[in-house]
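As stored in target_20.txt (compact mmCIF, N, CA and C atoms):
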# COMPACT_ATOMS: atom_id res chain seq x y z
N MET O 225 -0.78 -15.81 5.80
CA MET O 225 -1.54 -14.57 5.89
C MET O 225 -0.83 -13.45 5.13
N PRO O 226 -1.53 -12.73 4.26
CA PRO O 226 -0.89 -11.63 3.54
C PRO O 226 -0.66 -10.44 4.47
N LYS O 227 0.41 -9.74 4.18
CA LYS O 227 0.73 -8.56 4.98
C LYS O 227 -0.15 -7.38 4.54
N ALA O 228 -0.39 -6.48 5.48
CA ALA O 228 -1.17 -5.28 5.16
C ALA O 228 -0.32 -4.36 4.28
N PRO O 229 -0.93 -3.70 3.30
CA PRO O 229 -0.15 -2.80 2.44
C PRO O 229 0.38 -1.61 3.22
N LYS O 230 1.57 -1.18 2.84
CA LYS O 230 2.19 -0.04 3.51
C LYS O 230 1.46 1.24 3.10
N PRO O 231 1.31 2.19 4.03
CA PRO O 231 0.67 3.45 3.66
C PRO O 231 1.57 4.25 2.71
N ALA O 232 0.96 5.04 1.87
CA ALA O 232 1.72 5.84 0.92
C ALA O 232 2.61 6.82 1.67
N LYS O 233 3.84 6.98 1.19
CA LYS O 233 4.79 7.86 1.86
C LYS O 233 4.37 9.32 1.62
N THR O 234 4.24 10.07 2.71
CA THR O 234 3.85 11.47 2.59
C THR O 234 5.08 12.32 2.34
N ARG O 235 4.91 13.34 1.54
CA ARG O 235 6.00 14.25 1.24
C ARG O 235 6.11 15.29 2.34
N LYS O 236 7.32 15.72 2.61
CA LYS O 236 7.52 16.76 3.60
C LYS O 236 7.09 18.09 3.00
N LEU O 237 6.36 18.87 3.78
CA LEU O 237 5.95 20.19 3.33
C LEU O 237 7.01 21.20 3.74
N PRO O 238 7.31 22.16 2.88
CA PRO O 238 8.29 23.17 3.26
C PRO O 238 7.72 24.15 4.28
N LYS O 239 8.60 24.74 5.07
CA LYS O 239 8.19 25.80 5.99
C LYS O 239 7.86 27.02 5.15
N THR O 240 7.12 27.96 5.71
CA THR O 240 6.78 29.17 4.96
C THR O 240 7.92 30.17 4.95
N GLU O 241 8.87 30.01 5.89
CA GLU O 241 10.01 30.92 5.94
C GLU O 241 11.23 30.15 6.43
N CYS O 242 12.38 30.44 5.85
CA CYS O 242 13.63 29.80 6.25
C CYS O 242 14.06 30.32 7.61
N CYS O 243 14.49 29.41 8.48
CA CYS O 243 14.93 29.83 9.81
C CYS O 243 16.37 30.33 9.81
N ALA O 244 17.06 30.22 8.68
CA ALA O 244 18.42 30.73 8.47
C ALA O 244 19.44 30.10 9.41
N SER O 245 19.21 28.88 9.87
CA SER O 245 20.20 28.22 10.70
C SER O 245 21.37 27.77 9.83
N LYS O 246 22.52 27.61 10.43
CA LYS O 246 23.72 27.22 9.67
C LYS O 246 23.51 25.85 9.03
N THR O 247 22.99 24.90 9.80
CA THR O 247 22.67 23.59 9.23
C THR O 247 21.19 23.61 8.84
N LYS O 248 20.92 23.64 7.58
CA LYS O 248 19.55 23.76 7.10
C LYS O 248 18.72 22.53 7.49
N CYS O 249 17.50 22.78 7.97
CA CYS O 249 16.62 21.68 8.37
C CYS O 249 16.06 21.00 7.12
N GLY O 250 15.45 19.87 7.28
CA GLY O 250 14.91 19.09 6.16
C GLY O 250 13.74 19.75 5.46
N ARG O 251 13.03 20.66 6.15
CA ARG O 251 11.87 21.33 5.56
C ARG O 251 12.18 22.74 5.08
N CYS O 252 13.44 23.13 5.07
CA CYS O 252 13.83 24.47 4.68
C CYS O 252 13.47 24.70 3.21
N PRO O 253 12.75 25.78 2.91
CA PRO O 253 12.37 26.03 1.51
C PRO O 253 13.58 26.24 0.61
N LEU O 254 14.66 26.82 1.13
CA LEU O 254 15.87 27.01 0.32
C LEU O 254 16.49 25.68 -0.06
N ARG O 255 16.56 24.77 0.89
CA ARG O 255 17.13 23.45 0.62
C ARG O 255 16.25 22.68 -0.35
N MET O 256 14.93 22.76 -0.15
CA MET O 256 14.01 22.03 -1.03
C MET O 256 14.05 22.58 -2.45
N LEU O 257 14.24 23.89 -2.59
CA LEU O 257 14.36 24.50 -3.91
C LEU O 257 15.62 24.00 -4.61
N LYS O 258 16.72 23.94 -3.87
CA LYS O 258 17.99 23.49 -4.43
C LYS O 258 17.92 22.02 -4.84
N GLU O 259 17.27 21.19 -4.00
CA GLU O 259 17.15 19.76 -4.29
C GLU O 259 16.10 19.46 -5.35
N GLY O 260 15.20 20.41 -5.60
CA GLY O 260 14.15 20.19 -6.57
C GLY O 260 12.93 19.49 -6.00
N THR O 261 12.78 19.49 -4.67
CA THR O 261 11.64 18.82 -4.04
C THR O 261 10.54 19.78 -3.62
N LEU O 262 10.68 21.04 -3.98
CA LEU O 262 9.65 22.03 -3.68
C LEU O 262 8.44 21.75 -4.57
N PRO O 263 7.21 21.83 -4.04
CA PRO O 263 6.02 21.55 -4.87
C PRO O 263 5.95 22.48 -6.09
N ALA O 264 5.35 22.00 -7.15
CA ALA O 264 5.21 22.78 -8.37
C ALA O 264 4.40 24.05 -8.11
N GLY O 265 4.82 25.15 -8.70
CA GLY O 265 4.10 26.41 -8.53
C GLY O 265 4.60 27.26 -7.38
N TYR O 266 5.63 26.80 -6.68
CA TYR O 266 6.18 27.53 -5.54
C TYR O 266 7.64 27.84 -5.77
N THR O 267 8.11 28.96 -5.21
CA THR O 267 9.51 29.34 -5.27
C THR O 267 9.86 30.08 -3.98
N VAL O 268 11.11 30.51 -3.85
CA VAL O 268 11.57 31.19 -2.65
C VAL O 268 12.12 32.56 -3.03
N LYS O 269 11.65 33.58 -2.33
CA LYS O 269 12.16 34.95 -2.53
C LYS O 269 12.41 35.55 -1.15
N LYS O 270 13.60 36.07 -0.94
CA LYS O 270 14.00 36.68 0.32
C LYS O 270 13.75 35.74 1.50
N ARG O 271 14.13 34.47 1.33
CA ARG O 271 14.01 33.42 2.35
C ARG O 271 12.57 33.09 2.72
N LYS O 272 11.59 33.54 1.95
CA LYS O 272 10.18 33.23 2.21
C LYS O 272 9.63 32.42 1.05
N LEU O 273 8.73 31.49 1.37
CA LEU O 273 8.07 30.67 0.37
C LEU O 273 6.98 31.50 -0.29
N VAL O 274 6.97 31.59 -1.62
CA VAL O 274 5.96 32.34 -2.35
C VAL O 274 5.45 31.50 -3.51
N ARG O 275 4.27 31.84 -3.97
CA ARG O 275 3.71 31.17 -5.15
C ARG O 275 4.18 31.90 -6.40
N VAL O 276 4.38 31.16 -7.46
CA VAL O 276 4.85 31.73 -8.70
C VAL O 276 3.83 32.71 -9.28
N ASP O 277 2.53 32.40 -9.12
CA ASP O 277 1.49 33.26 -9.68
C ASP O 277 1.20 34.49 -8.82
N GLY O 278 1.87 34.64 -7.68
CA GLY O 278 1.71 35.82 -6.84
C GLY O 278 0.61 35.74 -5.80
N LYS O 279 -0.13 34.63 -5.76
CA LYS O 279 -1.20 34.50 -4.76
C LYS O 279 -0.60 34.19 -3.39
N LYS O 280 -1.43 34.31 -2.34
CA LYS O 280 -0.99 34.08 -0.98
C LYS O 280 -0.73 32.59 -0.72
N VAL O 281 0.32 32.30 0.03
CA VAL O 281 0.65 30.92 0.40
C VAL O 281 -0.14 30.54 1.64
N THR O 282 -0.92 29.46 1.53
CA THR O 282 -1.64 28.94 2.69
C THR O 282 -1.25 27.49 2.88
N LYS O 283 -1.27 27.03 4.13
CA LYS O 283 -0.88 25.66 4.41
C LYS O 283 -1.82 24.65 3.77
N LYS O 284 -3.10 25.02 3.65
CA LYS O 284 -4.08 24.12 3.04
C LYS O 284 -3.77 23.91 1.56
N LYS O 285 -3.49 24.99 0.84
CA LYS O 285 -3.15 24.88 -0.58
C LYS O 285 -1.80 24.22 -0.78
N LEU O 286 -0.88 24.48 0.16
CA LEU O 286 0.45 23.88 0.07
C LEU O 286 0.37 22.37 0.24
N ALA O 287 -0.46 21.92 1.18
CA ALA O 287 -0.62 20.48 1.39
C ALA O 287 -1.26 19.82 0.17
N LYS O 288 -2.16 20.53 -0.48
CA LYS O 288 -2.82 20.00 -1.67
C LYS O 288 -1.82 19.87 -2.85
N ALA O 289 -0.89 20.83 -2.93
CA ALA O 289 0.07 20.84 -4.03
C ALA O 289 1.15 19.78 -3.86
N ALA O 290 1.42 19.39 -2.63
CA ALA O 290 2.51 18.43 -2.38
C ALA O 290 2.11 17.00 -2.64
Would you encode the structure as structure tokens?
Amino acid sequence: MPKAPKPAKTRKLPKTECCASKTKCGRCPLRMLKEGTLPAGYTVKKRKLVRVDGKKVTKKKLAKAA
């Protein structure tokens, strides 16, 4: 019997704001920016996740970009 295919691995979405804990969590936008895993078109300013084009960050658009 063939095995069922594995589901596609989902990417972690960044939080909209860094919690500034000493040990950065896996979804921290600062950590993701440093590692290069932040979705295209997004950056971090003043510990907050922002879009490069200046539009508002929404979770729906963020999920679509990831």
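Atom pair atom CA of O:Val268 / atom CA of O:Lys288: separated by 18.3 Å.
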Sort by chain and increasing residue number a table of all residues of stretch 232-254 of chain O within 8 Å of stretch 273-280 of chain O, each with its closest pair of atoms and their distance in Å to one decimal, counting only N, CA and C atoms, and write it as a Markdown table.
| residue | atom | partner | partner_atom | distance |
| --- | --- | --- | --- | --- |
| O:Pro238 | C | O:Leu273 | CA | 7.6 |
| O:Lys239 | C | O:Leu273 | N | 5.9 |
| O:Thr240 | C | O:Leu273 | N | 3.9 |
| O:Glu241 | N | O:Leu273 | N | 4.8 |
| O:Cys242 | N | O:Leu273 | N | 5.9 |
| O:Pro253 | CA | O:Leu273 | CA | 6.4 |
| O:Leu254 | N | O:Leu273 | N | 7.6 |
Open item on the list: Taking only chain O into account, list the residues labelled strand (DSSP E) by DSSP (computed from the backbone), as a ChimeraX atom specification.
Closed with: /O:266-269,272-275
Would you mind exporting N, CA and C atoms of the selected residues as a PDB file, keeping the file's coordinate frame?
ATOM      1  N   TYR O 266       5.630  26.800  -6.680  1.00  0.00           N
ATOM      2  CA  TYR O 266       6.180  27.530  -5.540  1.00  0.00           C
ATOM      3  C   TYR O 266       7.640  27.840  -5.770  1.00  0.00           C
ATOM      4  N   THR O 267       8.110  28.960  -5.210  1.00  0.00           N
ATOM      5  CA  THR O 267       9.510  29.340  -5.270  1.00  0.00           C
ATOM      6  C   THR O 267       9.860  30.080  -3.980  1.00  0.00           C
ATOM      7  N   VAL O 268      11.110  30.510  -3.850  1.00  0.00           N
ATOM      8  CA  VAL O 268      11.570  31.190  -2.650  1.00  0.00           C
ATOM      9  C   VAL O 268      12.120  32.560  -3.030  1.00  0.00           C
ATOM     10  N   LYS O 269      11.650  33.580  -2.330  1.00  0.00           N
ATOM     11  CA  LYS O 269      12.160  34.950  -2.530  1.00  0.00           C
ATOM     12  C   LYS O 269      12.410  35.550  -1.150  1.00  0.00           C
ATOM     13  N   LYS O 272      11.590  33.540   1.950  1.00  0.00           N
ATOM     14  CA  LYS O 272      10.180  33.230   2.210  1.00  0.00           C
ATOM     15  C   LYS O 272       9.630  32.420   1.050  1.00  0.00           C
ATOM     16  N   LEU O 273       8.730  31.490   1.370  1.00  0.00           N
ATOM     17  CA  LEU O 273       8.070  30.670   0.370  1.00  0.00           C
ATOM     18  C   LEU O 273       6.980  31.500  -0.290  1.00  0.00           C
ATOM     19  N   VAL O 274       6.970  31.590  -1.620  1.00  0.00           N
ATOM     20  CA  VAL O 274       5.960  32.340  -2.350  1.00  0.00           C
ATOM     21  C   VAL O 274       5.450  31.500  -3.510  1.00  0.00           C
ATOM     22  N   ARG O 275       4.270  31.840  -3.970  1.00  0.00           N
ATOM     23  CA  ARG O 275       3.710  31.170  -5.150  1.00  0.00           C
ATOM     24  C   ARG O 275       4.180  31.900  -6.400  1.00  0.00           C
TER      25      ARG O 275
END
Open item on the list: Taking (7.5, 22.9, -2.8) in the coordinates of the supplied file, I want to know which residues reach to within 7 Å of it, counting only C-alpha atoms; could you give the answer as JSON, numbers by chain?
Closed with: {"O": [237, 238, 256, 261, 262, 263, 264, 266, 290]}
Open item on the list: According to DSSP computed on the backbone, where in chain O is there helix (DSSP H, G or I)? Give the residues as a list in words.
Closed with: Pro253, Leu254, Arg255, Met256, Leu257, Lys258, Glu259, Lys283, Lys284, Lys285, Leu286, Ala287, Lys288 and Ala289 of chain O
Output of the above residues as a compact mmCIF listing (two decimals), keeping the file's coordinate frame, restricted to N, CA and C atoms:
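Listing of part.txt after writing:
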# COMPACT_ATOMS: atom_id res chain seq x y z
N PRO O 253 12.75 25.78 2.91
CA PRO O 253 12.37 26.03 1.51
C PRO O 253 13.58 26.24 0.61
N LEU O 254 14.66 26.82 1.13
CA LEU O 254 15.87 27.01 0.32
C LEU O 254 16.49 25.68 -0.06
N ARG O 255 16.56 24.77 0.89
CA ARG O 255 17.13 23.45 0.62
C ARG O 255 16.25 22.68 -0.35
N MET O 256 14.93 22.76 -0.15
CA MET O 256 14.01 22.03 -1.03
C MET O 256 14.05 22.58 -2.45
N LEU O 257 14.24 23.89 -2.59
CA LEU O 257 14.36 24.50 -3.91
C LEU O 257 15.62 24.00 -4.61
N LYS O 258 16.72 23.94 -3.87
CA LYS O 258 17.99 23.49 -4.43
C LYS O 258 17.92 22.02 -4.84
N GLU O 259 17.27 21.19 -4.00
CA GLU O 259 17.15 19.76 -4.29
C GLU O 259 16.10 19.46 -5.35
N LYS O 283 -1.27 27.03 4.13
CA LYS O 283 -0.88 25.66 4.41
C LYS O 283 -1.82 24.65 3.77
N LYS O 284 -3.10 25.02 3.65
CA LYS O 284 -4.08 24.12 3.04
C LYS O 284 -3.77 23.91 1.56
N LYS O 285 -3.49 24.99 0.84
CA LYS O 285 -3.15 24.88 -0.58
C LYS O 285 -1.80 24.22 -0.78
N LEU O 286 -0.88 24.48 0.16
CA LEU O 286 0.45 23.88 0.07
C LEU O 286 0.37 22.37 0.24
N ALA O 287 -0.46 21.92 1.18
CA ALA O 287 -0.62 20.48 1.39
C ALA O 287 -1.26 19.82 0.17
N LYS O 288 -2.16 20.53 -0.48
CA LYS O 288 -2.82 20.00 -1.67
C LYS O 288 -1.82 19.87 -2.85
N ALA O 289 -0.89 20.83 -2.93
CA ALA O 289 0.07 20.84 -4.03
C ALA O 289 1.15 19.78 -3.86
TODO: Measure the distance from atom CA of O:Ala287 to atom N of O:Ser245 in Å and round it to one decimal.
DONE: 23.1 Å
